[in-house]
>>> print(open('start14.cif').read())   # mmCIF, C-alpha atoms and all ligand atoms
data_upload
#
loop_
_atom_site.label_atom_id
_atom_site.label_comp_id
_atom_site.auth_asym_id
_atom_site.auth_seq_id
_atom_site.Cartn_x
_atom_site.Cartn_y
_atom_site.Cartn_z
CA MET A 1 0.00 0.00 0.00
CA LEU A 2 2.77 2.42 0.96
CA LYS A 3 6.27 2.22 -0.42
CA ILE A 4 8.92 4.71 0.64
CA GLU A 5 12.32 4.44 -1.01
CA ASN A 6 15.50 6.28 -0.10
CA LEU A 7 13.55 9.28 1.15
CA HIS A 8 15.55 12.41 1.83
CA ALA A 9 13.72 15.45 3.19
CA GLU A 10 14.78 18.76 4.65
CA ILE A 11 13.32 21.68 6.54
CA ASP A 12 14.81 25.13 5.88
CA GLY A 13 17.72 23.47 4.10
CA LYS A 14 18.44 21.21 7.10
CA PRO A 15 18.45 17.50 6.17
CA ILE A 16 16.14 15.55 8.51
CA LEU A 17 15.27 12.35 6.65
CA LYS A 18 18.39 10.78 5.22
CA GLY A 19 17.57 7.78 3.08
CA LEU A 20 14.49 6.28 4.71
CA THR A 21 13.11 3.10 3.18
CA LEU A 22 9.89 1.49 4.38
CA ALA A 23 7.09 -0.62 2.93
CA VAL A 24 3.67 -1.17 4.49
CA ASN A 25 1.25 -3.75 3.11
CA ALA A 26 -2.53 -3.56 3.34
CA GLY A 27 -3.75 -5.19 6.54
CA GLU A 28 -0.63 -4.27 8.52
CA ILE A 29 0.02 -2.04 11.50
CA HIS A 30 3.59 -0.79 11.75
CA ALA A 31 4.97 0.93 14.83
CA ILE A 32 7.72 3.51 14.45
CA MET A 33 9.77 4.15 17.53
CA GLY A 34 12.94 6.13 17.99
CA PRO A 35 14.69 8.83 19.95
CA ASN A 36 13.51 12.44 20.12
CA GLY A 37 14.54 14.43 17.09
CA ALA A 38 14.99 11.32 14.91
CA GLY A 39 12.55 12.58 12.27
CA LYS A 40 9.40 10.64 13.17
CA SER A 41 7.04 13.63 13.05
CA THR A 42 8.85 14.87 9.92
CA LEU A 43 8.03 11.57 8.21
CA GLY A 44 4.36 12.09 9.12
CA TYR A 45 4.37 15.64 7.76
CA VAL A 46 6.09 14.61 4.53
CA LEU A 47 3.46 11.90 4.01
CA GLY A 48 0.69 14.40 4.72
CA GLY A 49 2.24 16.98 2.38
CA ARG A 50 2.84 19.77 4.88
CA PRO A 51 4.36 22.86 3.23
CA GLY A 52 7.98 23.60 4.13
CA TYR A 53 9.04 19.95 4.11
CA GLU A 54 11.10 19.52 0.99
CA VAL A 55 11.76 16.11 -0.48
CA THR A 56 15.18 16.23 -2.14
CA GLU A 57 15.57 12.56 -3.11
CA GLY A 58 13.68 9.29 -3.14
CA SER A 59 10.08 8.29 -3.77
CA ILE A 60 6.79 7.55 -2.05
CA THR A 61 4.07 5.54 -3.72
CA PHE A 62 0.62 4.99 -2.22
CA ASP A 63 -1.59 2.40 -3.89
CA GLY A 64 0.70 2.60 -6.89
CA GLN A 65 0.30 6.40 -7.22
CA ASP A 66 3.15 8.86 -6.78
CA LEU A 67 2.12 10.41 -3.45
CA LEU A 68 4.51 13.33 -3.83
CA GLU A 69 2.64 14.42 -6.96
CA LEU A 70 -0.58 14.86 -4.98
CA ALA A 71 -1.59 18.04 -3.12
CA PRO A 72 -2.37 17.59 0.60
CA ASN A 73 -6.15 17.61 -0.01
CA GLU A 74 -5.77 15.01 -2.78
CA ARG A 75 -3.79 12.80 -0.41
CA ALA A 76 -6.57 13.07 2.16
CA ALA A 77 -9.15 12.25 -0.50
CA ALA A 78 -7.04 9.26 -1.54
CA GLY A 79 -7.44 7.98 2.02
CA VAL A 80 -4.36 9.25 3.88
CA PHE A 81 -5.04 10.51 7.40
CA LEU A 82 -2.46 12.23 9.58
CA GLY A 83 -3.02 12.40 13.32
CA PHE A 84 -0.84 15.11 14.78
CA GLN A 85 1.54 14.87 17.72
CA TYR A 86 0.28 18.33 18.66
CA PRO A 87 -3.31 18.67 17.40
CA VAL A 88 -4.08 22.20 16.21
CA GLU A 89 -6.66 24.45 17.85
CA ILE A 90 -9.03 26.28 15.48
CA PRO A 91 -10.85 29.06 17.33
CA GLY A 92 -14.15 30.10 15.75
CA VAL A 93 -14.70 26.83 13.88
CA SER A 94 -16.74 24.16 15.60
CA ASN A 95 -15.74 20.53 15.54
CA VAL A 96 -18.88 19.64 13.56
CA GLN A 97 -18.28 22.38 10.96
CA PHE A 98 -14.65 21.40 10.59
CA LEU A 99 -15.33 17.70 10.27
CA ARG A 100 -18.22 18.11 7.87
CA GLU A 101 -16.18 20.43 5.62
CA ALA A 102 -13.24 18.02 5.72
CA LEU A 103 -15.34 14.97 4.95
CA ASN A 104 -17.39 16.61 2.20
CA ALA A 105 -14.29 18.13 0.58
CA GLN A 106 -12.76 14.65 0.42
CA ARG A 107 -15.98 13.19 -0.95
CA GLY A 108 -16.01 15.94 -3.57
CA VAL A 109 -12.50 15.10 -4.79
CA ARG A 110 -13.60 11.46 -5.07
CA GLY A 111 -16.73 12.46 -7.00
CA GLU A 112 -19.08 11.39 -4.20
CA LYS A 113 -22.01 13.56 -3.17
CA PRO A 114 -21.74 15.51 0.09
CA LEU A 115 -23.46 14.26 3.24
CA SER A 116 -26.40 16.36 4.40
CA GLY A 117 -26.22 18.09 7.78
CA ALA A 118 -28.45 15.43 9.33
CA GLU A 119 -26.56 12.50 7.82
CA PHE A 120 -23.29 13.99 8.93
CA LEU A 121 -24.46 14.71 12.48
CA LYS A 122 -25.65 11.15 12.90
CA LEU A 123 -22.23 9.87 11.83
CA ALA A 124 -20.28 12.29 14.03
CA ARG A 125 -22.42 11.56 17.11
CA GLU A 126 -22.03 7.85 16.56
CA GLU A 127 -18.23 8.18 16.35
CA ALA A 128 -18.12 10.40 19.46
CA ARG A 129 -20.20 7.84 21.35
CA LYS A 130 -17.89 4.99 20.33
CA LEU A 131 -14.93 6.98 21.63
CA ASP A 132 -16.74 7.80 24.85
CA MET A 133 -16.61 11.51 23.99
CA ASP A 134 -19.44 13.79 25.11
CA ALA A 135 -21.41 14.81 21.98
CA GLU A 136 -21.43 18.38 23.36
CA MET A 137 -17.73 18.54 22.49
CA LEU A 138 -18.65 18.34 18.82
CA LYS A 139 -20.15 21.83 19.10
CA ARG A 140 -17.05 23.38 20.65
CA PRO A 141 -14.32 25.10 18.60
CA VAL A 142 -11.82 22.52 17.34
CA ASN A 143 -9.54 21.51 20.22
CA VAL A 144 -9.81 24.91 21.93
CA GLY A 145 -9.51 24.36 25.66
CA PHE A 146 -9.45 20.58 25.19
CA SER A 147 -7.11 18.69 27.50
CA GLY A 148 -4.25 16.76 25.90
CA GLY A 149 -6.23 13.54 26.24
CA GLU A 150 -9.41 15.10 24.83
CA LYS A 151 -7.49 16.34 21.77
CA LYS A 152 -6.20 12.85 21.08
CA ARG A 153 -9.63 11.36 21.53
CA ASN A 154 -11.04 14.03 19.23
CA GLU A 155 -8.50 13.01 16.59
CA MET A 156 -9.85 9.48 16.78
CA VAL A 157 -13.37 10.86 16.24
CA GLN A 158 -12.04 12.69 13.16
CA MET A 159 -10.43 9.48 11.97
CA GLY A 160 -13.65 7.54 12.50
CA VAL A 161 -15.64 10.11 10.55
CA VAL A 162 -13.32 10.26 7.53
CA ASN A 163 -12.66 6.51 7.69
CA PRO A 164 -9.26 6.60 5.97
CA LYS A 165 -7.42 3.81 4.23
CA PHE A 166 -4.07 4.66 5.70
CA ALA A 167 -3.41 6.47 8.99
CA ILE A 168 -0.21 7.93 10.36
CA LEU A 169 -0.75 8.44 14.07
CA ASP A 170 1.90 10.55 15.74
CA GLU A 171 2.19 9.90 19.47
CA THR A 172 -1.54 9.46 19.76
CA ASP A 173 -0.90 7.95 23.19
CA SER A 174 0.85 10.98 24.68
CA GLY A 175 -1.08 12.60 27.50
CA LEU A 176 -3.60 9.76 27.81
CA ASP A 177 -4.51 8.21 31.13
CA ILE A 178 -4.97 4.44 31.33
CA ASP A 179 -8.70 4.47 30.55
CA ALA A 180 -8.33 6.89 27.63
CA LEU A 181 -5.42 4.82 26.32
CA ARG A 182 -7.64 1.75 26.17
CA ILE A 183 -10.47 3.69 24.47
CA VAL A 184 -8.11 5.18 21.89
CA GLY A 185 -6.39 1.81 21.34
CA ASP A 186 -9.78 0.14 20.83
CA GLY A 187 -10.69 2.96 18.41
CA ILE A 188 -7.57 2.41 16.31
CA ASN A 189 -8.29 -1.32 16.14
CA ARG A 190 -11.97 -0.82 15.35
CA ILE A 191 -11.46 1.83 12.65
CA MET A 192 -8.19 0.67 11.09
CA ARG A 193 -7.74 -3.09 11.63
CA ALA A 194 -8.97 -4.30 8.26
CA PRO A 195 -7.49 -6.22 5.33
CA ASP A 196 -7.67 -3.14 3.08
CA LYS A 197 -6.25 -0.62 5.56
CA ALA A 198 -2.91 0.07 7.18
CA VAL A 199 -1.42 2.17 9.98
CA LEU A 200 1.91 3.77 10.85
CA LEU A 201 1.84 4.20 14.59
CA ILE A 202 4.50 6.53 15.94
CA THR A 203 5.02 5.98 19.65
CA HIS A 204 7.64 6.02 22.37
CA TYR A 205 5.89 3.54 24.58
CA GLN A 206 5.11 -0.13 24.66
CA ARG A 207 1.86 0.54 26.55
CA LEU A 208 -0.11 1.60 23.42
CA LEU A 209 1.25 -1.46 21.63
CA ASP A 210 -0.33 -3.65 24.32
CA TYR A 211 -3.68 -2.51 22.90
CA VAL A 212 -2.75 -2.11 19.26
CA ARG A 213 -0.47 -5.00 18.51
CA PRO A 214 1.90 -4.08 15.67
CA ASP A 215 2.78 -6.55 12.93
CA VAL A 216 6.10 -4.80 12.36
CA VAL A 217 8.19 -2.49 14.57
CA HIS A 218 10.81 -0.10 13.17
CA VAL A 219 13.39 2.03 14.89
CA LEU A 220 13.92 5.41 13.24
CA ALA A 221 17.17 7.11 14.24
CA ASP A 222 18.90 10.05 12.58
CA GLY A 223 16.54 10.09 9.64
CA ARG A 224 16.69 6.41 8.70
CA ILE A 225 15.15 3.11 9.67
CA VAL A 226 17.96 1.38 11.55
CA ARG A 227 16.19 -1.73 12.86
CA THR A 228 13.06 -3.62 11.87
CA GLY A 229 11.51 -6.49 13.77
CA GLY A 230 8.31 -7.97 15.13
CA ALA A 231 6.29 -6.88 18.16
CA ASP A 232 9.09 -8.19 20.40
CA LEU A 233 11.40 -5.42 19.24
CA ALA A 234 9.24 -2.91 21.16
CA HIS A 235 9.78 -4.92 24.35
CA GLU A 236 13.50 -5.05 23.67
CA LEU A 237 13.55 -1.27 23.26
CA GLU A 238 11.63 -0.82 26.49
CA ARG A 239 14.22 -2.90 28.32
CA GLU A 240 17.40 -1.69 26.67
CA GLY A 241 16.64 1.80 25.37
CA TYR A 242 17.36 3.08 21.88
CA ALA A 243 21.11 3.30 22.49
CA GLY A 244 21.40 -0.46 23.02
CA VAL A 245 19.33 -1.30 19.97
CA THR A 246 20.76 1.14 17.44
CA ALA A 247 24.43 0.76 18.38
P1 LIG A 301 10.77 13.38 16.27
O1 LIG A 301 9.31 13.46 15.93
O2 LIG A 301 11.39 12.08 15.90
O3 LIG A 301 11.04 13.73 17.70
P2 LIG A 301 11.00 15.60 14.44
O4 LIG A 301 10.64 15.04 13.12
O5 LIG A 301 9.97 16.42 15.15
O6 LIG A 301 11.55 14.45 15.38
O7 LIG A 301 12.29 16.52 14.27
C1 LIG A 301 13.45 16.03 13.61
C2 LIG A 301 14.49 17.13 13.58
O8 LIG A 301 14.03 18.19 12.77
C3 LIG A 301 14.81 17.74 14.94
O9 LIG A 301 16.19 17.94 15.01
C4 LIG A 301 14.07 19.04 14.91
O10 LIG A 301 14.69 20.01 15.72
C5 LIG A 301 14.14 19.41 13.45
N1 LIG A 301 13.03 20.26 13.05
C6 LIG A 301 11.72 19.96 13.13
N2 LIG A 301 10.96 20.97 12.68
C7 LIG A 301 11.82 21.94 12.29
C8 LIG A 301 11.67 23.24 11.72
N3 LIG A 301 10.45 23.75 11.45
N4 LIG A 301 12.79 23.94 11.44
C9 LIG A 301 14.02 23.43 11.68
N5 LIG A 301 14.23 22.21 12.21
C10 LIG A 301 13.15 21.47 12.52
MG MG A 302 9.37 13.85 19.69
MG MG A 303 7.65 13.87 16.96
#
>>> encode(input="start14.cif", output="structure tokens")
Amino acid sequence: MLKIENLHAEIDGKPILKGLTLAVNAGEIHAIMGPNGAGKSTLGYVLGGRPGYEVTEGSITFDGQDLLELAPNERAAAGVFLGFQYPVEIPGVSNVQFLREALNAQRGVRGEKPLSGAEFLKLAREEARKLDMDAEMLKRPVNVGFSGGEKKRNEMVQMGVVNPKFAILDETDSGLDIDALRIVGDGINRIMRAPDKAVLLITHYQRLLDYVRPDVVHVLADGRIVRTGGADLAHELEREGYAGVTA
């Protein structure tokens, strides 16, 4: 589904990704772990098409298409979802407005007709309920005044509503208490565990991986994948730290 080859990317002329190669098949969940500053969030932004992240070498194909040729909105419409490490606050725009615009814009690019207000609201309420989020929060401005945990849960509601094919989830577990971690983990499994979907799960901690069991675990260090293994690799990292594993 996703094939990244020898990816080099820079920000403001500073090389961050330095020859990253990675392939994710449909039906797989891959965890990406690695030290702070390794380039994990940068990888997410490059996949999402965030401006300012310049690819200088290498290729990314998604479902056989050249992903780098697609504008960010076209990537979203193609089924790519990026969950942010630091979800953005959008004052003045309610969660429902934002989500409905996002979903209908994607449907438009795919040539599908927009959902009506009523159809959309039913879907959004249903997703909020499944994530144990108060439906009142759908009316509030996007992420404004939300706690860290509520922002992450809200991202899962967004993901449920747009129902992507491929999700990059950047430290979705940060700031979650034990109960929220389980709810978010269950959400990832429910929405994304399917033969025709795949996930890149960026995390520092084994605890999320207890809920969302990865098929493959990678260590990203200094802009490259330096180790790849099974779910056990995450346990090894927890015991020995990145230094022991990447040496
Ligand atoms: P990680 O998510 O693995 O902790 P990041 O991808 O956030 O790492 O950052 C990788 C490197 O890129 C870090 O050294 C960071 O300081 C640098 N970096 C990130 N964003 C910018 C930016 N806007 N300008 C310059 N350097 C940046
Ligand atoms: Mg970090
Ligand atoms: Mg990061």
>>> closest_residue(input="start14.cif", among="A:Leu17, A:Val212, A:Leu7, A:Thr228", to="Leu68 (chain A)", atoms="only C-alpha atoms")
A:Leu7
>>> residues_near_ligand(input="start14.cif", ligand="ligand LIG 301 (chain A)", cutoff="9 Å", atoms="only C-alpha atoms and all ligand atoms", output="PDB file with C-alpha atoms, keeping the file's coordinate frame")
ATOM      1  CA  GLU A  10      14.780  18.760   4.650  1.00  0.00           C
ATOM      2  CA  ILE A  11      13.320  21.680   6.540  1.00  0.00           C
ATOM      3  CA  ASP A  12      14.810  25.130   5.880  1.00  0.00           C
ATOM      4  CA  GLY A  13      17.720  23.470   4.100  1.00  0.00           C
ATOM      5  CA  LYS A  14      18.440  21.210   7.100  1.00  0.00           C
ATOM      6  CA  PRO A  15      18.450  17.500   6.170  1.00  0.00           C
ATOM      7  CA  ILE A  16      16.140  15.550   8.510  1.00  0.00           C
ATOM      8  CA  LEU A  17      15.270  12.350   6.650  1.00  0.00           C
ATOM      9  CA  MET A  33       9.770   4.150  17.530  1.00  0.00           C
ATOM     10  CA  GLY A  34      12.940   6.130  17.990  1.00  0.00           C
ATOM     11  CA  PRO A  35      14.690   8.830  19.950  1.00  0.00           C
ATOM     12  CA  ASN A  36      13.510  12.440  20.120  1.00  0.00           C
ATOM     13  CA  GLY A  37      14.540  14.430  17.090  1.00  0.00           C
ATOM     14  CA  ALA A  38      14.990  11.320  14.910  1.00  0.00           C
ATOM     15  CA  GLY A  39      12.550  12.580  12.270  1.00  0.00           C
ATOM     16  CA  LYS A  40       9.400  10.640  13.170  1.00  0.00           C
ATOM     17  CA  SER A  41       7.040  13.630  13.050  1.00  0.00           C
ATOM     18  CA  THR A  42       8.850  14.870   9.920  1.00  0.00           C
ATOM     19  CA  LEU A  43       8.030  11.570   8.210  1.00  0.00           C
ATOM     20  CA  GLY A  44       4.360  12.090   9.120  1.00  0.00           C
ATOM     21  CA  TYR A  45       4.370  15.640   7.760  1.00  0.00           C
ATOM     22  CA  GLY A  52       7.980  23.600   4.130  1.00  0.00           C
ATOM     23  CA  TYR A  53       9.040  19.950   4.110  1.00  0.00           C
ATOM     24  CA  GLN A  85       1.540  14.870  17.720  1.00  0.00           C
ATOM     25  CA  ASP A 170       1.900  10.550  15.740  1.00  0.00           C
ATOM     26  CA  GLU A 171       2.190   9.900  19.470  1.00  0.00           C
ATOM     27  CA  ILE A 202       4.500   6.530  15.940  1.00  0.00           C
ATOM     28  CA  LEU A 220      13.920   5.410  13.240  1.00  0.00           C
ATOM     29  CA  ALA A 221      17.170   7.110  14.240  1.00  0.00           C
ATOM     30  CA  ASP A 222      18.900  10.050  12.580  1.00  0.00           C
ATOM     31  CA  GLY A 223      16.540  10.090   9.640  1.00  0.00           C
TER      32      GLY A 223
END
>>> residues_around(input="start14.cif", residues="Val216 (chain A)", least_positions_apart="3", cutoff="8 Å", atoms="all atoms listed in the file", output="PyMOL selection string")
chain A and resi 28-31+228-231
>>> closest_residue(input="start14.cif", among="A:Leu169, A:Leu233, A:Val24, A:Leu103", to="ligand MG 303 (chain A)", atoms="all atoms listed in the file")
A:Leu169
>>> atom_distance(input="start14.cif", atom1="CA of Glu57 (chain A)", atom2="CA of His8 (chain A)")
4.9 Å
>>> residues_near_point(input="start14.cif", point="(-6.3, 23.0, 18.5)", cutoff="12 Å", atoms="all atoms listed in the file", output="CSV table (one decimal) with C-alpha atoms, keeping the file's coordinate frame")
chain,number,residue,atom,x,y,z
A,84,PHE,CA,-0.8,15.1,14.8
A,85,GLN,CA,1.5,14.9,17.7
A,86,TYR,CA,0.3,18.3,18.7
A,87,PRO,CA,-3.3,18.7,17.4
A,88,VAL,CA,-4.1,22.2,16.2
A,89,GLU,CA,-6.7,24.4,17.8
A,90,ILE,CA,-9.0,26.3,15.5
A,91,PRO,CA,-10.8,29.1,17.3
A,92,GLY,CA,-14.2,30.1,15.8
A,93,VAL,CA,-14.7,26.8,13.9
A,94,SER,CA,-16.7,24.2,15.6
A,95,ASN,CA,-15.7,20.5,15.5
A,98,PHE,CA,-14.6,21.4,10.6
A,140,ARG,CA,-17.0,23.4,20.6
A,141,PRO,CA,-14.3,25.1,18.6
A,142,VAL,CA,-11.8,22.5,17.3
A,143,ASN,CA,-9.5,21.5,20.2
A,144,VAL,CA,-9.8,24.9,21.9
A,145,GLY,CA,-9.5,24.4,25.7
A,146,PHE,CA,-9.4,20.6,25.2
A,147,SER,CA,-7.1,18.7,27.5
A,148,GLY,CA,-4.2,16.8,25.9
A,150,GLU,CA,-9.4,15.1,24.8
A,151,LYS,CA,-7.5,16.3,21.8
A,152,LYS,CA,-6.2,12.8,21.1
A,154,ASN,CA,-11.0,14.0,19.2
A,155,GLU,CA,-8.5,13.0,16.6
>>> closest_atom_pairs(input="start14.cif", of="region 2-50 of chain A", to="region 71-76 of chain A", cutoff="9 Å", atoms="only C-alpha atoms", output="JSON lines")
{"residue": "A:Leu47", "atom": "CA", "partner": "A:Arg75", "partner_atom": "CA", "distance": 8.5}
{"residue": "A:Gly48", "atom": "CA", "partner": "A:Pro72", "partner_atom": "CA", "distance": 6.0}
{"residue": "A:Gly49", "atom": "CA", "partner": "A:Pro72", "partner_atom": "CA", "distance": 5.0}
{"residue": "A:Arg50", "atom": "CA", "partner": "A:Pro72", "partner_atom": "CA", "distance": 7.1}
>>> closest_residue(input="start14.cif", among="A:Ile168, A:Val161, A:Leu123, A:Leu131", to="ligand MG 303 (chain A)", atoms="all atoms listed in the file")
A:Ile168
>>> closest_residue(input="start14.cif", among="A:Val226, A:Ile60, A:Ile188, A:Ile32", to="Ala9 (chain A)", atoms="only C-alpha atoms")
A:Ile60
>>> residues_around(input="start14.cif", residues="Ala78 (chain A)", least_positions_apart="4", cutoff="9 Å", atoms="only C-alpha atoms", output="PyMOL selection string")
chain A and resi 62+73-74+106+109-110+164-165
>>> decode(input="start14.cif", residues="region 176-207 of chain A", atoms="N, CA and C atoms", output="mmCIF file, in the first residue's frame")
data_model
loop_
_atom_site.group_PDB
_atom_site.id
_atom_site.type_symbol
_atom_site.label_atom_id
_atom_site.label_comp_id
_atom_site.auth_asym_id
_atom_site.auth_seq_id
_atom_site.Cartn_x
_atom_site.Cartn_y
_atom_site.Cartn_z
ATOM 1 N N LEU A 176 -2.399 10.534 27.507
ATOM 2 C CA LEU A 176 -3.605 9.763 27.811
ATOM 3 C C LEU A 176 -3.466 9.033 29.143
ATOM 4 N N ASP A 177 -4.527 9.046 29.938
ATOM 5 C CA ASP A 177 -4.513 8.206 31.134
ATOM 6 C C ASP A 177 -4.858 6.772 30.716
ATOM 7 N N ILE A 178 -4.812 5.864 31.657
ATOM 8 C CA ILE A 178 -4.970 4.444 31.334
ATOM 9 C C ILE A 178 -6.299 4.135 30.642
ATOM 10 N N ASP A 179 -7.393 4.742 31.148
ATOM 11 C CA ASP A 179 -8.703 4.471 30.552
ATOM 12 C C ASP A 179 -8.788 5.019 29.133
ATOM 13 N N ALA A 180 -8.286 6.264 28.962
ATOM 14 C CA ALA A 180 -8.330 6.887 27.635
ATOM 15 C C ALA A 180 -7.445 6.107 26.657
ATOM 16 N N LEU A 181 -6.337 5.596 27.158
ATOM 17 C CA LEU A 181 -5.423 4.815 26.315
ATOM 18 C C LEU A 181 -6.136 3.579 25.754
ATOM 19 N N ARG A 182 -6.910 2.940 26.607
ATOM 20 C CA ARG A 182 -7.638 1.754 26.172
ATOM 21 C C ARG A 182 -8.704 2.134 25.133
ATOM 22 N N ILE A 183 -9.407 3.249 25.395
ATOM 23 C CA ILE A 183 -10.466 3.688 24.472
ATOM 24 C C ILE A 183 -9.869 4.046 23.109
ATOM 25 N N VAL A 184 -8.755 4.781 23.137
ATOM 26 C CA VAL A 184 -8.106 5.177 21.886
ATOM 27 C C VAL A 184 -7.544 3.945 21.162
ATOM 28 N N GLY A 185 -6.927 3.053 21.928
ATOM 29 C CA GLY A 185 -6.395 1.812 21.343
ATOM 30 C C GLY A 185 -7.506 1.000 20.688
ATOM 31 N N ASP A 186 -8.631 0.865 21.393
ATOM 32 C CA ASP A 186 -9.781 0.141 20.829
ATOM 33 C C ASP A 186 -10.265 0.837 19.558
ATOM 34 N N GLY A 187 -10.244 2.184 19.579
ATOM 35 C CA GLY A 187 -10.687 2.964 18.412
ATOM 36 C C GLY A 187 -9.801 2.688 17.206
ATOM 37 N N ILE A 188 -8.493 2.677 17.426
ATOM 38 C CA ILE A 188 -7.567 2.409 16.313
ATOM 39 C C ILE A 188 -7.845 1.014 15.739
ATOM 40 N N ASN A 189 -8.002 0.041 16.610
ATOM 41 C CA ASN A 189 -8.285 -1.320 16.135
ATOM 42 C C ASN A 189 -9.608 -1.387 15.377
ATOM 43 N N ARG A 190 -10.622 -0.754 15.948
ATOM 44 C CA ARG A 190 -11.966 -0.819 15.346
ATOM 45 C C ARG A 190 -11.993 -0.134 13.977
ATOM 46 N N ILE A 191 -11.375 1.060 13.896
ATOM 47 C CA ILE A 191 -11.460 1.830 12.650
ATOM 48 C C ILE A 191 -10.473 1.311 11.595
ATOM 49 N N MET A 192 -9.283 0.900 12.052
ATOM 50 C CA MET A 192 -8.195 0.675 11.092
ATOM 51 C C MET A 192 -7.749 -0.777 10.902
ATOM 52 N N ARG A 193 -8.143 -1.686 11.803
ATOM 53 C CA ARG A 193 -7.743 -3.088 11.630
ATOM 54 C C ARG A 193 -8.630 -3.727 10.582
ATOM 55 N N ALA A 194 -8.171 -3.728 9.350
ATOM 56 C CA ALA A 194 -8.967 -4.296 8.263
ATOM 57 C C ALA A 194 -8.012 -4.706 7.161
ATOM 58 N N PRO A 195 -8.397 -5.705 6.366
ATOM 59 C CA PRO A 195 -7.489 -6.223 5.328
ATOM 60 C C PRO A 195 -7.106 -5.178 4.281
ATOM 61 N N ASP A 196 -7.948 -4.142 4.114
ATOM 62 C CA ASP A 196 -7.675 -3.141 3.075
ATOM 63 C C ASP A 196 -7.169 -1.823 3.645
ATOM 64 N N LYS A 197 -6.736 -1.844 4.925
ATOM 65 C CA LYS A 197 -6.248 -0.618 5.556
ATOM 66 C C LYS A 197 -4.881 -0.856 6.163
ATOM 67 N N ALA A 198 -4.208 0.221 6.524
ATOM 68 C CA ALA A 198 -2.910 0.072 7.180
ATOM 69 C C ALA A 198 -2.633 1.293 8.060
ATOM 70 N N VAL A 199 -1.730 1.107 9.010
ATOM 71 C CA VAL A 199 -1.422 2.167 9.975
ATOM 72 C C VAL A 199 0.084 2.260 10.200
ATOM 73 N N LEU A 200 0.562 3.501 10.320
ATOM 74 C CA LEU A 200 1.909 3.775 10.851
ATOM 75 C C LEU A 200 1.680 4.430 12.198
ATOM 76 N N LEU A 201 2.099 3.751 13.240
ATOM 77 C CA LEU A 201 1.836 4.203 14.594
ATOM 78 C C LEU A 201 3.150 4.680 15.206
ATOM 79 N N ILE A 202 3.280 5.989 15.362
ATOM 80 C CA ILE A 202 4.499 6.533 15.944
ATOM 81 C C ILE A 202 4.305 6.604 17.458
ATOM 82 N N THR A 203 5.177 5.958 18.196
ATOM 83 C CA THR A 203 5.024 5.976 19.652
ATOM 84 C C THR A 203 6.363 5.766 20.345
ATOM 85 N N HIS A 204 6.444 6.265 21.557
ATOM 86 C CA HIS A 204 7.639 6.023 22.373
ATOM 87 C C HIS A 204 7.432 4.856 23.331
ATOM 88 N N TYR A 205 6.178 4.444 23.472
ATOM 89 C CA TYR A 205 5.890 3.536 24.578
ATOM 90 C C TYR A 205 5.253 2.230 24.160
ATOM 91 N N GLN A 206 5.672 1.187 24.848
ATOM 92 C CA GLN A 206 5.110 -0.133 24.661
ATOM 93 C C GLN A 206 3.624 -0.163 25.025
ATOM 94 N N ARG A 207 3.224 0.684 25.990
ATOM 95 C CA ARG A 207 1.864 0.544 26.546
ATOM 96 C C ARG A 207 0.760 0.654 25.485
#
